[in-house]
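Chemist: You'll find protein_26.txt just under this line, and it carries compact mmCIF, N, CA and C atoms.
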```
# COMPACT_ATOMS: atom_id res chain seq x y z
N MET A 1 275.26 -93.89 -38.01
CA MET A 1 275.49 -92.47 -38.14
C MET A 1 276.48 -91.98 -37.10
N ASN A 2 276.37 -92.45 -35.88
CA ASN A 2 277.28 -92.04 -34.83
C ASN A 2 278.73 -92.42 -35.15
N TRP A 3 278.90 -93.57 -35.79
CA TRP A 3 280.26 -93.99 -36.16
C TRP A 3 280.87 -93.06 -37.20
N LYS A 4 280.03 -92.61 -38.11
CA LYS A 4 280.53 -91.71 -39.15
C LYS A 4 280.99 -90.39 -38.54
N ILE A 5 280.25 -89.89 -37.58
CA ILE A 5 280.62 -88.64 -36.92
C ILE A 5 281.91 -88.83 -36.11
N LEU A 6 281.99 -89.93 -35.40
CA LEU A 6 283.19 -90.24 -34.61
C LEU A 6 284.42 -90.37 -35.50
N ILE A 7 284.29 -91.07 -36.61
CA ILE A 7 285.41 -91.23 -37.54
C ILE A 7 285.81 -89.88 -38.13
N ALA A 8 284.83 -89.04 -38.45
CA ALA A 8 285.12 -87.71 -39.00
C ALA A 8 285.85 -86.85 -37.97
N VAL A 9 285.43 -86.90 -36.71
CA VAL A 9 286.09 -86.12 -35.66
C VAL A 9 287.51 -86.60 -35.46
N VAL A 10 287.71 -87.92 -35.41
CA VAL A 10 289.06 -88.47 -35.24
C VAL A 10 289.94 -88.09 -36.44
N ALA A 11 289.38 -88.13 -37.64
CA ALA A 11 290.13 -87.76 -38.84
C ALA A 11 290.52 -86.29 -38.80
N LEU A 12 289.61 -85.43 -38.35
CA LEU A 12 289.92 -84.00 -38.25
C LEU A 12 291.01 -83.74 -37.20
N ILE A 13 290.93 -84.45 -36.07
CA ILE A 13 291.97 -84.29 -35.04
C ILE A 13 293.33 -84.76 -35.56
N ALA A 14 293.34 -85.91 -36.27
CA ALA A 14 294.59 -86.42 -36.84
C ALA A 14 295.15 -85.45 -37.87
N LEU A 15 294.28 -84.88 -38.68
CA LEU A 15 294.72 -83.91 -39.70
C LEU A 15 295.29 -82.66 -39.04
N ALA A 16 294.65 -82.20 -37.97
CA ALA A 16 295.15 -81.01 -37.26
C ALA A 16 296.53 -81.29 -36.65
N ILE A 17 296.69 -82.47 -36.10
CA ILE A 17 297.99 -82.83 -35.52
C ILE A 17 299.06 -82.89 -36.60
N LEU A 18 298.75 -83.51 -37.72
CA LEU A 18 299.71 -83.62 -38.82
C LEU A 18 300.10 -82.25 -39.37
N LEU A 19 299.14 -81.33 -39.45
CA LEU A 19 299.43 -80.00 -39.95
C LEU A 19 300.24 -79.18 -38.93
N ALA A 20 300.06 -79.46 -37.64
CA ALA A 20 300.75 -78.70 -36.61
C ALA A 20 302.17 -79.20 -36.35
N LEU A 21 302.48 -80.43 -36.74
CA LEU A 21 303.80 -81.00 -36.45
C LEU A 21 304.96 -80.20 -37.05
N PRO A 22 304.92 -79.79 -38.31
CA PRO A 22 306.06 -79.01 -38.83
C PRO A 22 306.30 -77.71 -38.06
N ALA A 23 305.24 -77.02 -37.71
CA ALA A 23 305.40 -75.78 -36.95
C ALA A 23 305.98 -76.06 -35.57
N PHE A 24 305.52 -77.13 -34.93
CA PHE A 24 306.06 -77.51 -33.63
C PHE A 24 307.54 -77.87 -33.75
N HIS A 25 307.86 -78.59 -34.81
CA HIS A 25 309.26 -78.99 -35.01
C HIS A 25 310.16 -77.76 -35.18
N ARG A 26 309.73 -76.79 -35.98
CA ARG A 26 310.53 -75.58 -36.16
C ARG A 26 310.70 -74.84 -34.83
N TRP A 27 309.63 -74.72 -34.07
CA TRP A 27 309.68 -74.03 -32.77
C TRP A 27 310.61 -74.78 -31.81
N ASN A 28 310.48 -76.08 -31.74
CA ASN A 28 311.29 -76.88 -30.82
C ASN A 28 312.76 -76.89 -31.25
N ALA A 29 313.03 -76.95 -32.54
CA ALA A 29 314.41 -76.95 -33.02
C ALA A 29 315.10 -75.65 -32.62
N GLY A 30 314.38 -74.55 -32.69
CA GLY A 30 314.95 -73.27 -32.27
C GLY A 30 315.29 -73.27 -30.79
N ARG A 31 314.41 -73.83 -29.98
CA ARG A 31 314.67 -73.91 -28.53
C ARG A 31 315.88 -74.79 -28.26
N VAL A 32 315.96 -75.94 -28.92
CA VAL A 32 317.10 -76.85 -28.71
C VAL A 32 318.39 -76.18 -29.13
N ASN A 33 318.36 -75.44 -30.23
CA ASN A 33 319.56 -74.75 -30.69
C ASN A 33 319.99 -73.68 -29.69
N ASP A 34 319.03 -72.96 -29.11
CA ASP A 34 319.35 -71.96 -28.10
C ASP A 34 320.00 -72.60 -26.88
N ILE A 35 319.45 -73.72 -26.45
CA ILE A 35 320.01 -74.43 -25.30
C ILE A 35 321.41 -74.93 -25.61
N ARG A 36 321.61 -75.46 -26.81
CA ARG A 36 322.93 -75.96 -27.21
C ARG A 36 323.95 -74.82 -27.23
N GLN A 37 323.57 -73.67 -27.77
CA GLN A 37 324.49 -72.53 -27.81
C GLN A 37 324.85 -72.07 -26.40
N GLU A 38 323.87 -72.04 -25.50
CA GLU A 38 324.14 -71.63 -24.11
C GLU A 38 325.10 -72.61 -23.45
N TYR A 39 324.93 -73.91 -23.70
CA TYR A 39 325.83 -74.92 -23.14
C TYR A 39 327.25 -74.73 -23.65
N ILE A 40 327.38 -74.46 -24.95
CA ILE A 40 328.72 -74.27 -25.53
C ILE A 40 329.39 -73.06 -24.90
N ILE A 41 328.65 -71.99 -24.71
CA ILE A 41 329.23 -70.78 -24.10
C ILE A 41 329.66 -71.06 -22.68
N GLN A 42 328.80 -71.72 -21.90
CA GLN A 42 329.14 -72.02 -20.51
C GLN A 42 330.31 -72.98 -20.44
N ASN A 43 330.34 -73.97 -21.33
CA ASN A 43 331.43 -74.94 -21.33
C ASN A 43 332.75 -74.26 -21.67
N ALA A 44 332.75 -73.34 -22.61
CA ALA A 44 333.97 -72.62 -22.98
C ALA A 44 334.45 -71.74 -21.83
N GLN A 45 333.50 -71.11 -21.13
CA GLN A 45 333.89 -70.29 -19.98
C GLN A 45 334.53 -71.15 -18.90
N GLY A 46 334.01 -72.34 -18.69
CA GLY A 46 334.59 -73.26 -17.72
C GLY A 46 335.99 -73.69 -18.11
N ARG A 47 336.20 -73.92 -19.39
CA ARG A 47 337.52 -74.32 -19.87
C ARG A 47 338.54 -73.20 -19.65
N VAL A 48 338.13 -71.98 -19.96
CA VAL A 48 339.04 -70.84 -19.77
C VAL A 48 339.35 -70.65 -18.29
N ALA A 49 338.34 -70.77 -17.44
CA ALA A 49 338.57 -70.63 -16.00
C ALA A 49 339.51 -71.70 -15.49
N SER A 50 339.35 -72.92 -15.97
CA SER A 50 340.23 -74.01 -15.55
C SER A 50 341.66 -73.76 -16.03
N TYR A 51 341.78 -73.31 -17.26
CA TYR A 51 343.09 -73.00 -17.85
C TYR A 51 343.80 -71.93 -17.02
N GLU A 52 343.05 -70.89 -16.68
CA GLU A 52 343.64 -69.79 -15.91
C GLU A 52 343.94 -70.22 -14.47
N TRP A 53 343.17 -71.15 -13.93
CA TRP A 53 343.37 -71.59 -12.55
C TRP A 53 344.77 -72.17 -12.37
N PHE A 54 345.24 -72.97 -13.32
CA PHE A 54 346.56 -73.59 -13.20
C PHE A 54 347.67 -72.53 -13.20
N TYR A 55 347.54 -71.53 -14.07
CA TYR A 55 348.53 -70.45 -14.07
C TYR A 55 348.51 -69.69 -12.75
N ASP A 56 347.33 -69.35 -12.28
CA ASP A 56 347.21 -68.62 -11.02
C ASP A 56 347.79 -69.42 -9.86
N MET A 57 347.46 -70.70 -9.81
CA MET A 57 347.92 -71.53 -8.70
C MET A 57 349.44 -71.70 -8.75
N GLN A 58 350.01 -71.83 -9.93
CA GLN A 58 351.46 -71.95 -10.02
C GLN A 58 352.14 -70.68 -9.49
N GLU A 59 351.60 -69.53 -9.82
CA GLU A 59 352.17 -68.27 -9.33
C GLU A 59 352.00 -68.14 -7.82
N GLN A 60 350.86 -68.57 -7.30
CA GLN A 60 350.64 -68.51 -5.85
C GLN A 60 351.60 -69.45 -5.12
N ILE A 61 351.84 -70.62 -5.69
CA ILE A 61 352.78 -71.57 -5.07
C ILE A 61 354.17 -70.98 -5.07
N SER A 62 354.56 -70.36 -6.18
CA SER A 62 355.88 -69.74 -6.27
C SER A 62 356.02 -68.62 -5.24
N ALA A 63 355.00 -67.79 -5.11
CA ALA A 63 355.05 -66.69 -4.14
C ALA A 63 355.08 -67.22 -2.71
N THR A 64 354.35 -68.27 -2.44
CA THR A 64 354.33 -68.84 -1.08
C THR A 64 355.66 -69.48 -0.75
N ARG A 65 356.32 -70.08 -1.74
CA ARG A 65 357.67 -70.63 -1.51
C ARG A 65 358.64 -69.51 -1.13
N LYS A 66 358.54 -68.38 -1.80
CA LYS A 66 359.41 -67.24 -1.47
C LYS A 66 359.12 -66.73 -0.06
N LYS A 67 357.84 -66.70 0.31
CA LYS A 67 357.48 -66.29 1.67
C LYS A 67 358.08 -67.25 2.69
N ALA A 68 358.05 -68.55 2.39
CA ALA A 68 358.61 -69.54 3.32
C ALA A 68 360.11 -69.35 3.47
N GLU A 69 360.79 -69.03 2.36
CA GLU A 69 362.23 -68.78 2.44
C GLU A 69 362.54 -67.54 3.27
N LEU A 70 361.73 -66.49 3.08
CA LEU A 70 361.93 -65.27 3.85
C LEU A 70 361.64 -65.47 5.34
N ALA A 71 360.71 -66.37 5.63
CA ALA A 71 360.32 -66.61 7.02
C ALA A 71 361.16 -67.71 7.68
N LYS A 72 362.19 -68.17 7.00
CA LYS A 72 363.00 -69.27 7.52
C LYS A 72 363.55 -68.91 8.90
N GLY A 73 363.35 -69.86 9.84
CA GLY A 73 363.83 -69.66 11.20
C GLY A 73 362.88 -68.91 12.10
N THR A 74 361.75 -68.45 11.57
CA THR A 74 360.77 -67.73 12.41
C THR A 74 359.64 -68.69 12.79
N THR A 75 358.78 -68.22 13.66
CA THR A 75 357.64 -69.05 14.08
C THR A 75 356.60 -69.17 12.97
N GLU A 76 356.62 -68.28 12.01
CA GLU A 76 355.64 -68.29 10.92
C GLU A 76 355.99 -69.30 9.82
N GLU A 77 357.22 -69.74 9.79
CA GLU A 77 357.66 -70.62 8.70
C GLU A 77 356.82 -71.91 8.64
N ARG A 78 356.55 -72.50 9.77
CA ARG A 78 355.81 -73.76 9.79
C ARG A 78 354.40 -73.57 9.21
N GLY A 79 353.73 -72.50 9.56
CA GLY A 79 352.39 -72.23 9.04
C GLY A 79 352.41 -71.99 7.54
N ILE A 80 353.41 -71.26 7.08
CA ILE A 80 353.52 -70.98 5.64
C ILE A 80 353.78 -72.28 4.88
N ARG A 81 354.62 -73.15 5.43
CA ARG A 81 354.91 -74.44 4.78
C ARG A 81 353.66 -75.33 4.74
N MET A 82 352.82 -75.25 5.77
CA MET A 82 351.57 -76.03 5.78
C MET A 82 350.63 -75.53 4.69
N VAL A 83 350.53 -74.22 4.54
CA VAL A 83 349.69 -73.65 3.47
C VAL A 83 350.24 -74.06 2.11
N LEU A 84 351.55 -74.00 1.97
CA LEU A 84 352.19 -74.38 0.71
C LEU A 84 351.92 -75.84 0.37
N ALA A 85 352.01 -76.71 1.35
CA ALA A 85 351.74 -78.14 1.12
C ALA A 85 350.30 -78.35 0.65
N GLY A 86 349.36 -77.63 1.21
CA GLY A 86 347.96 -77.73 0.78
C GLY A 86 347.77 -77.25 -0.64
N MET A 87 348.43 -76.15 -0.99
CA MET A 87 348.31 -75.62 -2.35
C MET A 87 348.90 -76.60 -3.37
N ILE A 88 350.05 -77.17 -3.04
CA ILE A 88 350.69 -78.13 -3.95
C ILE A 88 349.82 -79.37 -4.09
N ALA A 89 349.26 -79.84 -3.00
CA ALA A 89 348.39 -81.02 -3.06
C ALA A 89 347.17 -80.76 -3.95
N GLU A 90 346.58 -79.58 -3.84
CA GLU A 90 345.42 -79.25 -4.67
C GLU A 90 345.80 -79.18 -6.14
N TYR A 91 346.93 -78.54 -6.45
CA TYR A 91 347.41 -78.44 -7.84
C TYR A 91 347.62 -79.84 -8.41
N ASN A 92 348.33 -80.68 -7.65
CA ASN A 92 348.64 -82.02 -8.14
C ASN A 92 347.38 -82.87 -8.30
N ALA A 93 346.44 -82.73 -7.37
CA ALA A 93 345.20 -83.51 -7.48
C ALA A 93 344.42 -83.11 -8.72
N LYS A 94 344.30 -81.83 -8.99
CA LYS A 94 343.55 -81.38 -10.17
C LYS A 94 344.32 -81.70 -11.45
N SER A 95 345.63 -81.73 -11.36
CA SER A 95 346.43 -82.06 -12.52
C SER A 95 346.29 -83.53 -12.91
N ARG A 96 346.05 -84.39 -11.93
CA ARG A 96 345.92 -85.83 -12.20
C ARG A 96 344.56 -86.20 -12.76
N MET A 97 343.60 -85.31 -12.73
CA MET A 97 342.27 -85.62 -13.25
C MET A 97 342.38 -85.94 -14.74
N LYS A 98 341.78 -87.03 -15.12
CA LYS A 98 341.93 -87.50 -16.50
C LYS A 98 341.15 -86.67 -17.52
N SER A 99 339.88 -86.45 -17.26
CA SER A 99 339.07 -85.84 -18.32
C SER A 99 338.33 -84.59 -17.88
N THR A 100 338.78 -83.96 -16.83
CA THR A 100 338.09 -82.73 -16.42
C THR A 100 339.04 -81.56 -16.51
N ARG A 101 339.51 -81.07 -15.39
CA ARG A 101 340.35 -79.88 -15.39
C ARG A 101 341.71 -80.10 -16.07
N ALA A 102 342.29 -81.26 -15.90
CA ALA A 102 343.65 -81.47 -16.39
C ALA A 102 343.76 -81.31 -17.90
N GLN A 103 342.72 -81.64 -18.63
CA GLN A 103 342.83 -81.53 -20.08
C GLN A 103 342.84 -80.08 -20.55
N TRP A 104 342.56 -79.14 -19.66
CA TRP A 104 342.57 -77.74 -20.03
C TRP A 104 343.75 -77.01 -19.41
N LYS A 105 344.78 -77.76 -19.06
CA LYS A 105 345.98 -77.16 -18.50
C LYS A 105 346.98 -76.95 -19.63
N ALA A 106 347.64 -75.82 -19.64
CA ALA A 106 348.60 -75.51 -20.71
C ALA A 106 349.79 -76.45 -20.64
N VAL A 107 350.39 -76.71 -21.78
CA VAL A 107 351.51 -77.64 -21.84
C VAL A 107 352.78 -77.07 -21.22
N ASP A 108 352.88 -75.75 -21.08
CA ASP A 108 354.08 -75.18 -20.50
C ASP A 108 354.06 -75.18 -18.96
N LEU A 109 352.98 -75.67 -18.36
CA LEU A 109 352.89 -75.79 -16.91
C LEU A 109 353.34 -77.18 -16.49
N PRO A 110 353.90 -77.31 -15.30
CA PRO A 110 354.34 -78.63 -14.86
C PRO A 110 353.15 -79.55 -14.60
N TYR A 111 353.35 -80.83 -14.87
CA TYR A 111 352.29 -81.81 -14.59
C TYR A 111 352.05 -81.91 -13.10
N GLN A 112 353.12 -82.07 -12.34
CA GLN A 112 353.06 -82.15 -10.88
C GLN A 112 354.08 -81.17 -10.31
N ILE A 113 353.83 -80.70 -9.11
CA ILE A 113 354.75 -79.80 -8.43
C ILE A 113 355.31 -80.55 -7.22
N GLU A 114 356.61 -80.53 -7.10
CA GLU A 114 357.27 -81.20 -5.98
C GLU A 114 357.22 -80.35 -4.73
N GLN A 115 357.19 -81.00 -3.57
CA GLN A 115 357.20 -80.28 -2.29
C GLN A 115 358.49 -79.59 -2.15
```
Can you present the structure in this file as structure tokens?
Modeler:
Amino acid sequence: MNWKILIAVVALIALAILLALPAFHRWNAGRVNDIRQEYIIQNAQGRVASYEWFYDMQEQISATRKKAELAKGTTEERGIRMVLAGMIAEYNAKSRMKSTRAQWKAVDLPYQIEQ
């Protein structure tokens, strides 16, 4: 008799689990879809920020070059040239990245910037 009760309880638990699985699947699929959508939005924002970074940095490098020309012969020229060298090095380093920032750089921007 005890075995019959145990088998009945196990069967009822198995039946409850089987009936609950579709509802759990629908609930979990919705959560996964929400997470996936959030990742896509964040990933797109990162791509746009990376894309804009190259344009901004190119303009900053151009402006710093003009500042260095204006400061030619002054004591400030050396400091401006050091800042410019750092900016160019950062641009070139990010541009050389194979599968991260570099793939989101516009084609009309230079691959590398010369000193």
Chemist: Record the distance separating atom C of Leu6 of chain A and atom C of Ala23 of chain A, expressed in Å with one decimal.
Modeler: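 Atom C of Ala23 of chain A lies 25.9 Å from atom C of Leu6 of chain A.
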Chemist: If I take atom N of Glu52 of chain A and atom C of Arg78 of chain A, how far is one from the other in Å, to one decimal?
Modeler: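 These two atoms are separated by 28.4 Å.
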Chemist: Just how far from atom CA of Pro110 of chain A is atom CA of Lys67 of chain A, in Å to one decimal?
Modeler: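 Interatomic distance, atom CA of Lys67 of chain A to atom CA of Pro110 of chain A: 20.9 Å.
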Chemist: Go through A:Leu19, A:Glu114, A:Ala8, A:Leu109 one by one, measure the shortest atom-to-atom distance of each to Tyr55 of chain A using only N, CA and C atoms, and give the residue with the smallest value.
Modeler: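 Using only N, CA and C atoms, the shortest distance to Tyr55 of chain A belongs to A:Leu109.
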